[in-house]
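Contents: one structure, followed by commentary.
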Number of protein chains: 2
Amino acid sequence: MSRPTIAGVARSAGVSVASVSRVLNGLPATEEMVERVQRAVQELGYVPDARARSLKVGRTFQLTLAVADVGNPVYVTMMRAVEEVVSAAGYRLVVTTTGPDVVDEVALVRGMARGYADGLVISPLRVDEDLIKSIRECEVPVVVAGNVPAKAGVDTIRANSPKGMLLAVEHLVSRGRTRIAFLNGPADTVPGTARAKGFADALKAHHLKSAGETEAMDFTFAAGRASGGAVLRSKPDAVIAANDLLAVGLMHELAAAGLDVPGDVAVVGMDDSELAEQCFPPLTSVNLGSAERGRRAAELLLARIEDSSRTPRRIVVQPSLSVRRSTP
Amino acid sequence: MSRPTIAGVARSAGVSVASVSRVLNGLPATEEMVERVQRAVQELGYVPDARARSLKVGRTFQLTLAVADVGNPVYVTMMRAVEEVVSAAGYRLVVTTTGPDVVDEVALVRGMARGYADGLVISPLRVDEDLIKSIRECEVPVVVAGNVPAKAGVDTIRANSPKGMLLAVEHLVSRGRTRIAFLNGPADTVPGTARAKGFADALKAHHLKSAGETEAMDFTFAAGRASGGAVLRSKPDAVIAANDLLAVGLMHELAAAGLDVPGDVAVVGMDDSELAEQCFPPLTSVNLGSAERGRRAAELLLARIEDSSRTPRRIVVQPSLSVRRSTP
DNA sequence: GTCGGTCCTGTAAACGATTACAAGAACGAT
DNA sequence: ATCGTTCTTGTAATCGTTTACAGGACCGAC
């Protein structure tokens with residue numbers, strides 16, 4: 001006893017398949033027709049087949065979210081926001097991990113041509129010409145959550161890390177700190193380069209010299225710990241980390257070295273993830289709006305699916321600073 | 001200029017559509033045939049349509065993972081593990097949030113009949129007869145990550161919380177703590193009931209009396225903080241929390257109350273999430289194997305898709321204790 | 001030379017829905 | 001009574017694949 005099809009419903013209701021389809025899709029029909037079809041549907045437990053429907057209407061009602069690592073808290077926040085918007089709009093969410101390589105990202109974007117989803121939100125860790133080309137040529141709408149050149153002509157949504165850096169530096173300066181160091185993740189990534197530049201500019205704006213810059217192997221807690229020694233070498237009185245995981249990793253090293261946070265060294269993270277609130281001492285962190293970015297990326301994608309001819313938008317989410325006890 | 005179809009490729013290669021399909025699926029064909037088809041595919045940039053393929057072969061090469069909240073770290077760990085296994089097997093992962101209500105879970109399971117995915121891993125927060133019935137009747141294979149009765153006749157994979165509780169209590173007792181309190185999440189959830197029972201049994205096994213049990217509103221950090229006062233009322237010298245988020249929330253309250261961890265109060269969490277390592281002091285936590293559960297759930301599902309007649313397995317993942325500095 | 005068997009390829013029928021089009025019913029206006 | 005309009009319903013084509021089946025080529029064996 002396999003699943004009933006629309007033909008079975010039609011037979012059981014004594015009407016045509018077209019009528020069944022129409023009733024199911026809310027097109028005009030007589031009271032009696034609706035009644036008969038619904039009864040047959042009930043009786044047989046009919047559920048329309050998504051595969052057949054997709055083929056015919058050319059849409060799957062699925063959207064893809066591609067991130068480098070589903071475990072990173074900042075992506076988790078984004079994902080949760082995207083999922084919320086997307087499912088409220090009646091779409092399902094396909095989550096894909098691209099890994100850190102740009103070639104995998106390109107393969108993913110190209111693969112969208114298979115039509116298994118109606119759109120893509122991608123947050124690329126690394127960007128090159130190939131990727132931009134593949135995005136521009138992609139068969140389905142793409143929204144980039146991250147930094148790609150305007151000439152790519154694609155909807156983008158990104159954080160304003162320079163501004164965020166400025167907030168962090170301003171805050172530290174206002175608290176009397178002047179020997180500010182920077183703990184970055186890999187500099188060859190999109191956020192890595194953006195934040196390095198932002199840090200340099202922010203210091204310049206305050207006529208300060210950098211108290212040292214360290215490049216961690218990765219944007220992870222473990223990498224943050226591993227870099228602790230290098231960061232401390234220059235005896236900073238404050239450290240800004242490129243994300244919360246690095247900041248927390250560093251704080252563990254500071255504690256191990258017998259240094260007080262914020263007494264001896266103030267620490268500022270970025271992303272304002274839940275970890276910032278949960279760690280100890282709670283971490284002052286630059287909120288780069290990851291939830292908002294996720295939400296708006298999803299909205300942008302839905303809007304473009306509705307109207308593919310609208311001119312590409314480039315949205316920048318403004319940062320704010322969540323001050324907690326890791327700074328004086 | 002819309003996407004080329006298999007018919008276009010066939011025309012361009014001067015062969016039949018069947019031959020193109022065969023070459024693409026690696027069925028036997030002459031050298032020359034393969035050559036011609038591949039050239040045409042290259043030339044036109046042909047990519048097969050997943051929707052049409054799904055309809056014909058009756059499989060989508062997608063699997064669904066349903067959890068209550070994609071933001072909860074324990075689900076994130078599971079999801080990452082599931083994603084890894086699933087994508088290695090050539091499947092895509094659809095992630096769905098069910099919310100805390102069992103009716104939504106039932107609706108989800110029923111909805112699988114639409115055939116948009118070939119299988120489902122569900123981790124239900126609450127279980128009732130309806131849910132079990134819907135799972136048993138589901139059109140596609142289902143693996144439950146959680147606790148459902150054996151009579152449901154479905155593949156399950158679950159943690160052994162009683163054993164985990166025993167590990168936690170043993171550890172605390174061996175460190176000389178005897179006034180052990182328990183901070184639970186909502187008791188009407190699957191993990192909530194399991195852990196409450198586990199705690200009671202573990203104490204009994206050590207001939208101890210409970211130093212108080214508190215039920216937090218939710219399995220969250222905020223709920224853990226909010227319950228801090230209630231937990232302390234009975235002056236315990238150790239607290240076991242039903243998950244890491246609750247434990248960390250509690251630790252913040254302890255710090256605010258001027259109590260030292262582990263000096264005054266030892267704290268043990270459950271799940272051994274990354275947060276346990278990252279918080280301060282690092283949290284002793286019962287590893288309930290969420291990554292392994294995710295991995296094995298995915299493997300179980302893939303195996304059942306291969307062979308739908310195999311007898312249902314019920315796998316229990318054994319816990320271990322990660323001792324860190326929140327206990328003496 | 002004929003017959004079988006083995007390969008390879010092509011034709012056409014699915015898969016299960018949606019939808020353009022046509023046909024029929026009902027109705028009011030003339 | 002006839003015609004035209006509107007509204008509802010049914011027939012059949014279609015989406016882009018896969019695959020059962022049949023036809024033809026080729027080969028070796030008798």
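Residue numbering restarts at 1 for every chain of the structure tokens, chains are lettered A, B, ... in their displayed order, and ligands are numbered from 1 as they appear.
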Taking only region 63-238 of chain B into account, list the residues labelled strand (DSSP E or B) by DSSP (computed from the backbone), as a ChimeraX atom specification. /B:63-67,92-97,119-122,142-145,155-159,180-184,213-215,238
Within 12 Å of DT30 (chain C) using only C-alpha atoms (C1' of nucleotides), minus same-chain residues under 5 positions, as a VMD selection string: chain D and resid 1 to 4
Chain A residues within 8 Å of chain C, counting only C-alpha atoms (C1' of nucleotides): which ones, as a PDB file with N, CA and C atoms, in the first residue's frame?
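Written out: iface-v6.pdb:
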```
ATOM      1  N   THR A   5      -1.725   9.057  -4.674  1.00  0.00           N
ATOM      2  CA  THR A   5      -1.345  10.215  -5.480  1.00  0.00           C
ATOM      3  C   THR A   5      -2.595  11.034  -5.748  1.00  0.00           C
ATOM      4  N   ILE A   6      -2.380  12.108  -6.439  1.00  0.00           N
ATOM      5  CA  ILE A   6      -3.501  12.984  -6.746  1.00  0.00           C
ATOM      6  C   ILE A   6      -4.521  12.238  -7.612  1.00  0.00           C
ATOM      7  N   SER A  21      -6.239  19.274  -7.776  1.00  0.00           N
ATOM      8  CA  SER A  21      -5.120  20.207  -7.680  1.00  0.00           C
ATOM      9  C   SER A  21      -5.620  21.614  -7.380  1.00  0.00           C
ATOM     10  N   PRO A  48       0.496  15.886  -0.712  1.00  0.00           N
ATOM     11  CA  PRO A  48       1.099  16.127  -2.028  1.00  0.00           C
ATOM     12  C   PRO A  48       2.599  15.870  -2.012  1.00  0.00           C
ATOM     13  N   ASP A  49       3.114  15.406  -3.108  1.00  0.00           N
ATOM     14  CA  ASP A  49       4.522  15.062  -3.224  1.00  0.00           C
ATOM     15  C   ASP A  49       5.353  16.296  -3.572  1.00  0.00           C
ATOM     16  N   ALA A  52       7.440  16.047  -6.996  1.00  0.00           N
ATOM     17  CA  ALA A  52       6.703  16.277  -8.236  1.00  0.00           C
ATOM     18  C   ALA A  52       6.335  17.750  -8.372  1.00  0.00           C
ATOM     19  N   ARG A  53       5.922  18.307  -7.265  1.00  0.00           N
ATOM     20  CA  ARG A  53       5.527  19.710  -7.279  1.00  0.00           C
ATOM     21  C   ARG A  53       6.712  20.595  -7.671  1.00  0.00           C
ATOM     22  N   LYS A  56       7.452  20.519 -11.386  1.00  0.00           N
ATOM     23  CA  LYS A  56       6.488  21.223 -12.214  1.00  0.00           C
ATOM     24  C   LYS A  56       6.567  22.744 -12.049  1.00  0.00           C
ATOM     25  N   VAL A  57       6.615  23.193 -10.805  1.00  0.00           N
ATOM     26  CA  VAL A  57       6.576  24.641 -10.606  1.00  0.00           C
ATOM     27  C   VAL A  57       7.974  25.265 -10.631  1.00  0.00           C
TER      28      VAL A  57
END
```
Take chain B, superimpose it onto chain A by least squares using every C-alpha atom paired in sequence order, and output the result as a CSV table (one decimal) with C-alpha atoms, in the first residue's frame.
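The new file part-v8.csv reads:
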```csv
chain,number,residue,atom,x,y,z
B,1,MET,CA,0.0,-0.1,0.1
B,2,SER,CA,1.9,2.8,-1.2
B,3,ARG,CA,1.1,6.5,-0.8
B,4,PRO,CA,-2.0,7.8,-2.6
B,5,THR,CA,-1.4,10.1,-5.4
B,6,ILE,CA,-3.6,12.9,-6.7
B,7,ALA,CA,-5.0,10.4,-9.2
B,8,GLY,CA,-6.2,8.2,-6.4
B,9,VAL,CA,-7.8,11.2,-4.7
B,10,ALA,CA,-9.5,12.1,-8.0
B,11,ARG,CA,-10.8,8.6,-8.5
B,12,SER,CA,-12.1,8.3,-4.9
B,13,ALA,CA,-13.8,11.7,-5.1
B,14,GLY,CA,-15.1,11.0,-8.6
B,15,VAL,CA,-13.6,14.2,-10.1
B,16,SER,CA,-10.6,14.9,-12.3
B,17,VAL,CA,-7.0,15.3,-11.2
B,18,ALA,CA,-7.1,19.0,-12.3
B,19,SER,CA,-10.0,19.7,-9.9
B,20,VAL,CA,-8.2,18.1,-7.0
B,21,SER,CA,-5.1,20.1,-7.7
B,22,ARG,CA,-7.2,23.3,-8.0
B,23,VAL,CA,-9.0,22.7,-4.7
B,24,LEU,CA,-5.7,21.9,-3.0
B,25,ASN,CA,-4.2,25.1,-4.3
B,26,GLY,CA,-7.2,27.2,-3.3
B,27,LEU,CA,-8.3,28.1,-6.8
B,28,PRO,CA,-12.0,28.8,-7.4
B,29,ALA,CA,-14.3,25.8,-7.2
B,30,THR,CA,-17.9,25.0,-6.1
B,31,GLU,CA,-18.7,24.3,-2.6
B,32,GLU,CA,-19.5,20.8,-3.4
B,33,MET,CA,-16.3,20.2,-5.3
B,34,VAL,CA,-14.2,21.4,-2.3
B,35,GLU,CA,-16.2,19.3,0.0
B,36,ARG,CA,-15.8,16.1,-2.0
B,37,VAL,CA,-12.1,16.6,-2.6
B,38,GLN,CA,-11.4,17.3,1.0
B,39,ARG,CA,-13.3,14.3,2.2
B,40,ALA,CA,-11.3,12.1,-0.2
B,41,VAL,CA,-8.0,13.7,0.9
B,42,GLN,CA,-8.9,13.0,4.5
B,43,GLU,CA,-10.0,9.5,3.9
B,44,LEU,CA,-6.9,8.5,2.0
B,45,GLY,CA,-4.5,10.5,4.1
B,46,TYR,CA,-3.2,12.1,0.9
B,47,VAL,CA,-0.2,14.4,1.1
B,48,PRO,CA,1.1,16.1,-2.0
B,49,ASP,CA,4.5,15.0,-3.2
B,50,ALA,CA,7.1,17.8,-2.9
B,51,ARG,CA,9.3,16.2,-5.5
B,52,ALA,CA,6.7,16.2,-8.2
B,53,ARG,CA,5.5,19.7,-7.3
B,54,SER,CA,9.0,21.0,-7.4
B,55,LEU,CA,9.6,19.7,-10.8
B,56,LYS,CA,6.5,21.2,-12.2
B,57,VAL,CA,6.6,24.6,-10.6
B,58,GLY,CA,10.4,24.9,-10.7
B,59,ARG,CA,10.7,25.8,-7.1
B,60,THR,CA,11.6,23.6,-4.1
B,61,PHE,CA,10.8,26.0,-1.3
B,62,GLN,CA,14.1,25.4,0.1
B,63,LEU,CA,16.9,27.8,0.7
B,64,THR,CA,20.6,27.0,1.3
B,65,LEU,CA,22.7,28.5,4.0
B,66,ALA,CA,26.5,27.9,3.5
B,67,VAL,CA,29.0,28.7,6.2
B,68,ALA,CA,32.5,27.6,6.8
B,69,ASP,CA,31.7,25.8,10.1
B,70,VAL,CA,28.3,25.2,11.6
B,71,GLY,CA,29.9,25.0,15.0
B,72,ASN,CA,31.2,28.5,15.2
B,73,PRO,CA,28.9,30.5,17.6
B,74,VAL,CA,28.7,33.4,15.3
B,75,TYR,CA,27.4,31.2,12.5
B,76,VAL,CA,25.1,29.5,14.9
B,77,THR,CA,23.6,32.9,15.7
B,78,MET,CA,23.2,33.7,12.0
B,79,MET,CA,21.8,30.3,11.3
B,80,ARG,CA,19.2,30.6,13.9
B,81,ALA,CA,18.1,34.0,12.6
B,82,VAL,CA,18.0,32.7,9.0
B,83,GLU,CA,16.1,29.7,10.0
B,84,GLU,CA,13.5,31.8,11.7
B,85,VAL,CA,12.8,34.1,8.8
B,86,VAL,CA,13.0,31.3,6.2
B,87,SER,CA,10.6,28.9,7.9
B,88,ALA,CA,8.2,31.7,8.6
B,89,ALA,CA,8.0,32.3,4.9
B,90,GLY,CA,7.3,28.6,4.3
B,91,TYR,CA,10.7,27.6,3.2
B,92,ARG,CA,12.9,24.8,4.5
B,93,LEU,CA,16.6,25.5,5.3
B,94,VAL,CA,19.4,23.4,3.9
B,95,VAL,CA,22.6,23.9,5.9
B,96,THR,CA,25.9,23.2,4.2
B,97,THR,CA,29.4,23.4,5.5
B,98,THR,CA,31.9,24.6,3.0
B,99,GLY,CA,35.1,24.2,4.9
B,100,PRO,CA,37.8,26.9,4.7
B,101,ASP,CA,38.7,26.4,1.1
B,102,VAL,CA,37.4,28.8,-1.6
B,103,VAL,CA,37.3,26.0,-4.2
B,104,ASP,CA,34.7,24.2,-2.1
B,105,GLU,CA,32.7,27.4,-2.0
B,106,VAL,CA,32.8,27.7,-5.7
B,107,ALA,CA,31.8,24.1,-6.2
B,108,LEU,CA,28.8,24.8,-3.9
B,109,VAL,CA,27.7,27.8,-5.8
B,110,ARG,CA,28.0,26.0,-9.1
B,111,GLY,CA,26.1,23.1,-7.7
B,112,MET,CA,23.1,25.3,-7.0
B,113,ALA,CA,22.4,24.9,-10.7
B,114,ARG,CA,21.0,21.5,-9.8
B,115,GLY,CA,18.0,23.4,-8.6
B,116,TYR,CA,17.7,21.7,-5.2
B,117,ALA,CA,17.1,25.1,-3.6
B,118,ASP,CA,15.6,28.4,-4.6
B,119,GLY,CA,18.3,30.6,-3.3
B,120,LEU,CA,21.5,30.7,-1.3
B,121,VAL,CA,22.9,32.7,1.6
B,122,ILE,CA,26.7,32.3,1.7
B,123,SER,CA,29.1,33.6,4.2
B,124,PRO,CA,32.5,33.1,2.5
B,125,LEU,CA,35.6,33.0,4.7
B,126,ARG,CA,37.8,33.6,1.7
B,127,VAL,CA,36.9,35.4,-1.6
B,128,ASP,CA,38.5,35.3,-5.0
B,129,GLU,CA,37.6,36.1,-8.6
B,130,ASP,CA,36.3,32.7,-9.3
B,131,LEU,CA,33.9,32.8,-6.4
B,132,ILE,CA,32.6,36.2,-7.5
B,133,LYS,CA,32.2,35.0,-11.0
B,134,SER,CA,30.4,31.8,-9.9
B,135,ILE,CA,28.1,33.9,-7.8
B,136,ARG,CA,27.2,36.3,-10.6
B,137,GLU,CA,26.5,33.4,-12.9
B,138,CYS,CA,24.6,31.4,-10.4
B,139,GLU,CA,21.3,29.9,-11.5
B,140,VAL,CA,19.5,31.0,-8.3
B,141,PRO,CA,19.6,34.2,-6.3
B,142,VAL,CA,22.5,34.6,-4.0
B,143,VAL,CA,23.0,36.8,-1.0
B,144,VAL,CA,26.5,37.2,0.3
B,145,ALA,CA,26.9,37.7,4.0
B,146,GLY,CA,30.3,39.2,4.0
B,147,ASN,CA,32.5,41.5,2.0
B,148,VAL,CA,32.5,41.4,-1.7
B,149,PRO,CA,33.3,44.2,-4.1
B,150,ALA,CA,30.3,46.3,-5.3
B,151,LYS,CA,31.1,45.5,-8.9
B,152,ALA,CA,30.0,42.0,-8.3
B,153,GLY,CA,26.5,43.3,-8.5
B,154,VAL,CA,25.1,41.1,-5.9
B,155,ASP,CA,23.0,41.6,-2.7
B,156,THR,CA,25.3,41.8,0.2
B,157,ILE,CA,25.0,42.3,3.9
B,158,ARG,CA,27.9,42.9,6.0
B,159,ALA,CA,29.2,44.1,9.3
B,160,ASN,CA,31.1,47.3,9.8
B,161,SER,CA,34.2,46.1,11.4
B,162,PRO,CA,36.2,49.3,11.1
B,163,LYS,CA,33.5,51.1,13.0
B,164,GLY,CA,33.4,48.3,15.5
B,165,MET,CA,37.1,48.6,16.0
B,166,LEU,CA,36.7,52.3,16.5
B,167,LEU,CA,34.1,51.6,19.2
B,168,ALA,CA,36.4,49.2,21.0
B,169,VAL,CA,39.4,51.5,20.8
B,170,GLU,CA,37.4,54.6,21.9
B,171,HIS,CA,36.1,52.7,24.8
B,172,LEU,CA,39.5,51.5,25.9
B,173,VAL,CA,41.0,55.0,25.5
B,174,SER,CA,38.2,56.5,27.5
B,175,ARG,CA,39.2,54.1,30.3
B,176,GLY,CA,42.7,55.2,30.1
B,177,ARG,CA,44.3,52.4,28.2
B,178,THR,CA,46.9,53.2,25.7
B,179,ARG,CA,49.0,50.2,25.1
B,180,ILE,CA,46.4,48.3,23.0
B,181,ALA,CA,47.3,45.0,21.3
B,182,PHE,CA,45.4,43.1,18.7
B,183,LEU,CA,44.8,39.4,18.5
B,184,ASN,CA,43.7,38.6,15.0
B,185,GLY,CA,42.7,35.3,13.3
B,186,PRO,CA,44.2,34.3,9.9
B,187,ALA,CA,44.9,37.5,8.0
B,188,ASP,CA,44.1,36.0,4.7
B,189,THR,CA,40.4,35.7,5.5
B,190,VAL,CA,37.7,38.2,4.8
B,191,PRO,CA,37.1,39.1,8.4
B,192,GLY,CA,40.8,38.9,9.2
B,193,THR,CA,41.8,41.5,6.7
B,194,ALA,CA,38.9,43.8,7.5
B,195,ARG,CA,39.6,43.7,11.2
B,196,ALA,CA,43.4,44.2,10.8
B,197,LYS,CA,42.7,47.3,8.7
B,198,GLY,CA,40.1,48.5,11.1
B,199,PHE,CA,42.4,48.2,14.1
B,200,ALA,CA,45.2,50.1,12.3
B,201,ASP,CA,42.8,52.9,11.3
B,202,ALA,CA,41.2,53.1,14.7
B,203,LEU,CA,44.6,53.5,16.4
B,204,LYS,CA,45.6,56.2,14.0
B,205,ALA,CA,42.4,58.1,14.7
B,206,HIS,CA,43.4,58.2,18.3
B,207,HIS,CA,47.1,58.9,17.6
B,208,LEU,CA,48.1,55.7,19.2
B,209,LYS,CA,50.8,53.2,18.3
B,210,SER,CA,50.0,49.6,18.2
B,211,ALA,CA,51.2,47.6,21.2
B,212,GLY,CA,51.6,44.5,19.0
B,213,GLU,CA,49.6,42.4,16.6
B,214,THR,CA,49.4,38.6,16.7
B,215,GLU,CA,47.9,36.3,14.1
B,216,ALA,CA,46.3,33.2,15.6
B,217,MET,CA,46.1,30.1,13.5
B,218,ASP,CA,42.4,30.1,13.4
B,219,PHE,CA,39.3,31.9,14.9
B,220,THR,CA,39.0,29.3,17.7
B,221,PHE,CA,39.3,29.1,21.4
B,222,ALA,CA,42.3,26.8,21.2
B,223,ALA,CA,44.1,29.2,18.8
B,224,GLY,CA,43.4,32.0,21.3
B,225,ARG,CA,45.0,30.1,24.1
B,226,ALA,CA,48.0,29.2,21.9
B,227,SER,CA,48.6,32.8,21.1
B,228,GLY,CA,48.4,34.1,24.6
B,229,GLY,CA,52.2,34.1,25.1
B,230,ALA,CA,52.8,36.0,22.0
B,231,VAL,CA,50.2,38.6,22.8
B,232,LEU,CA,51.7,39.2,26.3
B,233,ARG,CA,55.2,39.7,25.1
B,234,SER,CA,54.6,43.4,24.4
B,235,LYS,CA,53.1,44.0,27.8
B,236,PRO,CA,49.8,45.6,26.6
B,237,ASP,CA,47.3,47.1,29.0
B,238,ALA,CA,44.5,46.1,26.7
B,239,VAL,CA,43.8,43.5,24.0
B,240,ILE,CA,41.2,43.5,21.3
B,241,ALA,CA,40.5,40.1,19.8
B,242,ALA,CA,39.1,39.5,16.4
B,243,ASN,CA,36.3,37.4,17.8
B,244,ASP,CA,35.0,36.2,21.2
B,245,LEU,CA,36.5,32.7,21.0
B,246,LEU,CA,40.0,34.2,20.6
B,247,ALA,CA,39.3,36.6,23.5
B,248,VAL,CA,38.1,33.9,25.8
B,249,GLY,CA,41.1,31.7,24.9
B,250,LEU,CA,43.3,34.6,25.7
B,251,MET,CA,41.6,35.3,29.0
B,252,HIS,CA,42.4,31.8,30.1
B,253,GLU,CA,46.0,32.4,29.4
B,254,LEU,CA,46.0,35.7,31.3
B,255,ALA,CA,44.5,33.9,34.3
B,256,ALA,CA,47.2,31.3,34.0
B,257,ALA,CA,49.8,34.0,33.9
B,258,GLY,CA,48.4,35.5,37.1
B,259,LEU,CA,47.2,38.6,35.4
B,260,ASP,CA,43.9,40.2,36.4
B,261,VAL,CA,41.2,41.1,33.9
B,262,PRO,CA,40.5,44.0,33.7
B,263,GLY,CA,42.9,45.2,36.4
B,264,ASP,CA,46.2,44.3,34.6
B,265,VAL,CA,44.8,43.8,31.1
B,266,ALA,CA,41.5,44.8,29.6
B,267,VAL,CA,40.0,42.5,27.0
B,268,VAL,CA,37.5,43.3,24.3
B,269,GLY,CA,36.0,40.6,22.0
B,270,MET,CA,34.1,40.8,18.8
B,271,ASP,CA,30.7,39.3,17.8
B,272,ASP,CA,29.1,39.7,21.1
B,273,SER,CA,28.1,36.0,21.1
B,274,GLU,CA,26.4,34.3,24.0
B,275,LEU,CA,29.8,33.2,25.1
B,276,ALA,CA,30.7,36.9,25.9
B,277,GLU,CA,27.9,36.9,28.4
B,278,GLN,CA,28.7,33.5,29.8
B,279,CYS,CA,32.4,33.6,30.2
B,280,PHE,CA,34.1,35.0,33.3
B,281,PRO,CA,34.6,37.8,33.7
B,282,PRO,CA,31.8,38.6,31.2
B,283,LEU,CA,33.5,39.9,28.1
B,284,THR,CA,33.1,43.4,26.7
B,285,SER,CA,32.4,42.7,23.1
B,286,VAL,CA,31.7,44.5,19.8
B,287,ASN,CA,28.3,43.5,18.6
B,288,LEU,CA,28.6,43.2,14.9
B,289,GLY,CA,24.9,42.3,14.5
B,290,SER,CA,25.3,38.6,13.5
B,291,ALA,CA,21.6,37.9,14.3
B,292,GLU,CA,20.5,41.0,12.4
B,293,ARG,CA,22.8,40.1,9.5
B,294,GLY,CA,21.3,36.6,9.4
B,295,ARG,CA,17.8,38.0,9.5
B,296,ARG,CA,18.3,40.6,6.9
B,297,ALA,CA,20.2,38.3,4.6
B,298,ALA,CA,17.3,35.9,4.6
B,299,GLU,CA,14.9,38.8,3.9
B,300,LEU,CA,17.0,40.1,1.1
B,301,LEU,CA,17.0,36.6,-0.5
B,302,LEU,CA,13.3,36.2,-0.2
B,303,ALA,CA,12.8,39.7,-1.7
B,304,ARG,CA,15.0,38.8,-4.6
B,305,ILE,CA,13.2,35.5,-5.2
B,306,GLU,CA,10.0,37.5,-5.4
B,307,ASP,CA,11.5,40.1,-7.8
B,308,SER,CA,14.7,39.1,-9.6
B,309,SER,CA,15.1,42.4,-11.3
B,310,ARG,CA,15.4,44.7,-8.3
B,311,THR,CA,18.7,46.4,-8.1
B,312,PRO,CA,21.2,44.8,-5.8
B,313,ARG,CA,21.3,46.2,-2.3
B,314,ARG,CA,24.3,46.5,-0.1
B,315,ILE,CA,23.4,46.6,3.5
B,316,VAL,CA,25.8,47.5,6.2
B,317,VAL,CA,24.8,46.6,9.8
B,318,GLN,CA,26.0,49.1,12.3
B,319,PRO,CA,27.9,47.8,15.3
B,320,SER,CA,27.4,48.6,19.0
B,321,LEU,CA,29.5,47.9,22.0
B,322,SER,CA,28.3,45.7,24.8
B,323,VAL,CA,30.3,46.8,27.8
B,324,ARG,CA,30.9,44.1,30.4
B,325,ARG,CA,33.4,43.5,33.2
B,326,SER,CA,36.4,42.5,31.1
B,327,THR,CA,37.1,46.3,30.7
B,328,PRO,CA,37.4,48.7,33.6
```
For chain D, report every residue with an atom at most 8 Å from chain B (counting only C-alpha atoms (C1' of nucleotides)), formatted as an MDAnalysis selection string. chainID D and resid 15:18
Same residues, N, CA and C atoms (P, O5', C5', C4', C3', O3' and C1' of nucleotides), saved as a PDB file, in the first residue's frame:
```pdb
ATOM      1  P    DC D  15       8.126  21.219 -21.321  1.00  0.00           P
ATOM      2  O5'  DC D  15       8.726  21.197 -19.849  1.00  0.00           O
ATOM      3  C5'  DC D  15       8.381  22.183 -18.883  1.00  0.00           C
ATOM      4  C4'  DC D  15       8.766  21.674 -17.516  1.00  0.00           C
ATOM      5  C3'  DC D  15      10.043  20.847 -17.536  1.00  0.00           C
ATOM      6  O3'  DC D  15      11.134  21.697 -17.221  1.00  0.00           O
ATOM      7  C1'  DC D  15       8.322  19.803 -16.216  1.00  0.00           C
ATOM      8  P    DG D  16      12.435  21.616 -18.230  1.00  0.00           P
ATOM      9  O5'  DG D  16      13.207  20.318 -17.733  1.00  0.00           O
ATOM     10  C5'  DG D  16      13.718  20.308 -16.411  1.00  0.00           C
ATOM     11  C4'  DG D  16      14.192  18.916 -16.100  1.00  0.00           C
ATOM     12  C3'  DG D  16      15.231  18.374 -17.081  1.00  0.00           C
ATOM     13  O3'  DG D  16      16.265  17.798 -16.320  1.00  0.00           O
ATOM     14  C1'  DG D  16      13.466  16.854 -16.854  1.00  0.00           C
ATOM     15  P    DT D  17      17.618  17.316 -16.914  1.00  0.00           P
ATOM     16  O5'  DT D  17      17.891  16.040 -15.979  1.00  0.00           O
ATOM     17  C5'  DT D  17      17.711  14.747 -16.483  1.00  0.00           C
ATOM     18  C4'  DT D  17      16.934  13.936 -15.484  1.00  0.00           C
ATOM     19  C3'  DT D  17      17.236  12.459 -15.578  1.00  0.00           C
ATOM     20  O3'  DT D  17      18.103  12.106 -14.531  1.00  0.00           O
ATOM     21  C1'  DT D  17      14.873  12.883 -15.651  1.00  0.00           C
ATOM     22  P    DT D  18      19.010  10.800 -14.720  1.00  0.00           P
ATOM     23  O5'  DT D  18      17.919   9.637 -14.648  1.00  0.00           O
ATOM     24  C5'  DT D  18      17.339   9.329 -13.388  1.00  0.00           C
ATOM     25  C4'  DT D  18      16.351   8.207 -13.552  1.00  0.00           C
ATOM     26  C3'  DT D  18      16.977   6.846 -13.883  1.00  0.00           C
ATOM     27  O3'  DT D  18      16.287   5.895 -13.089  1.00  0.00           O
ATOM     28  C1'  DT D  18      15.352   7.389 -15.499  1.00  0.00           C
TER      29       DT D  18
END
```
When DSSP is applied to the backbone of this structure, which of region 46-114 of chain B are assigned helix (DSSP H, G or I)? Write them out as a ChimeraX atom specification. /B:50-57,73-88,102-114
